[in-house]
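Visitor: Following this message is one structure expressed as structure tokens.
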Amino acid sequence: MSRTDFDLNKIKAFVFDVDGVLSPSTVSMDSDGIPRRMVNIKDGYAMQLAVKHGYLIAIITGADTPAIATRYKALGISEIHLKSSLKLPLLNDLLERHGINADEAVYVGDDIPDMPCMKAVGLSVAPADAAVEIKEIARYISPVQGGYGVARDIIRQVMIARGDWMDDQHAFGW
């Protein structure tokens with residue numbers, strides 16, 4: 001990890017933005033003007049594995065596309081918050097409801113609307129192609145660009161540190 005000697009063993013939750021984090025910053029739009037996001041299969045694998053190991057995985061995004069909820073529900077994620085213009089109140093509520101302290105959470109964001117959440121958690125993560133302002137406050141800047149495995153990068157590091165990566169039968173299936 002860069003910029004930090006953060007103790008990954010205390011992480012219990014991962015919270016992700018979508019556009020620029022779980023999907024690339026540039027998205028195509030269909031003929032109705034609806035964005036068509038790309039997803040990373042390796043991110044999906046890591047996310048579903050983390051859920052099976054009891055980590056809280058959550059999505060907080062300003063996007064309003066039903067496909068986002070469908071995709072992440074299929075991975076076992078129940079905390080999916082769309083149309084989130086102000087993300088920090090949702091983050092605080094989410095952590096409180098799950099009994100998780102802010103310093104036990106990772107937030108991965110790439111642009112200005114993510115800044116308050118990134119400042120509120122123990123480990124803020126930015127993709128390699130995040131906005132300059134976000135990189136300046138991130139405790140860890142992934143070598144991976146948004147949409148190309150950022151979730152896998154940070155989840156894998158945490159699960160390895162905690163001894164959960166490839167440790168049992170959950171690692172070898174969906």
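A note on labels: chains of the structure tokens are A, B, ... as shown, every chain counts residues from 1, and ligands are counted from 1 in their shown order.
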For region 117-132 of chain A, work out the shell of residues within 9 Å, counting only C-alpha atoms and skipping chain neighbours fewer than 4 positions away, then give it as JSON, numbers by chain.
Guide: {"A": [4, 6, 8, 11, 20, 21, 25, 87, 88, 89, 91, 92, 101, 102, 103, 104, 105, 106, 107, 108, 109, 110, 111, 112, 113, 136, 137, 138, 139, 140, 141, 142, 143, 144, 145, 146, 147, 150, 154]}
Visitor: Neighbours of region 45-62 of chain A within 8 Å (only C-alpha atoms; same-chain residues fewer than 4 positions away dropped), as JSON, numbers by chain?
Guide: {"A": [12, 13, 14, 15, 16, 17, 18, 19, 41, 75, 76, 77, 78, 79, 80, 81, 82, 83, 84, 85, 87, 90, 91, 151, 152, 155, 156, 159, 164, 170, 171, 174]}
Visitor: Between CA of Tyr148 (chain A) and CA of Val39 (chain A), what is the distance in Å, rounded to a tenth?
Guide: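 We find that CA of Tyr148 (chain A) and CA of Val39 (chain A) lie 8.1 Å from each other.
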Visitor: Write out as a list in words the residues lying within 10 Å of Ser28 (chain A), counting only C-alpha atoms and excluding same-chain residues fewer than 4 positions away.
Guide: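 Everything that qualifies: Gly33, Ile34, Pro35, Arg36, Arg37 and Met38 of chain A.
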Visitor: Please identify which residues in chain A DSSP calls helix (DSSP H, G or I) from the backbone, and express them as a VMD selection string.
Guide: chain A and resid 8 to 10 41 to 52 66 to 73 87 to 97 102 to 104 112 to 120 132 to 137 150 to 161 169 to 172
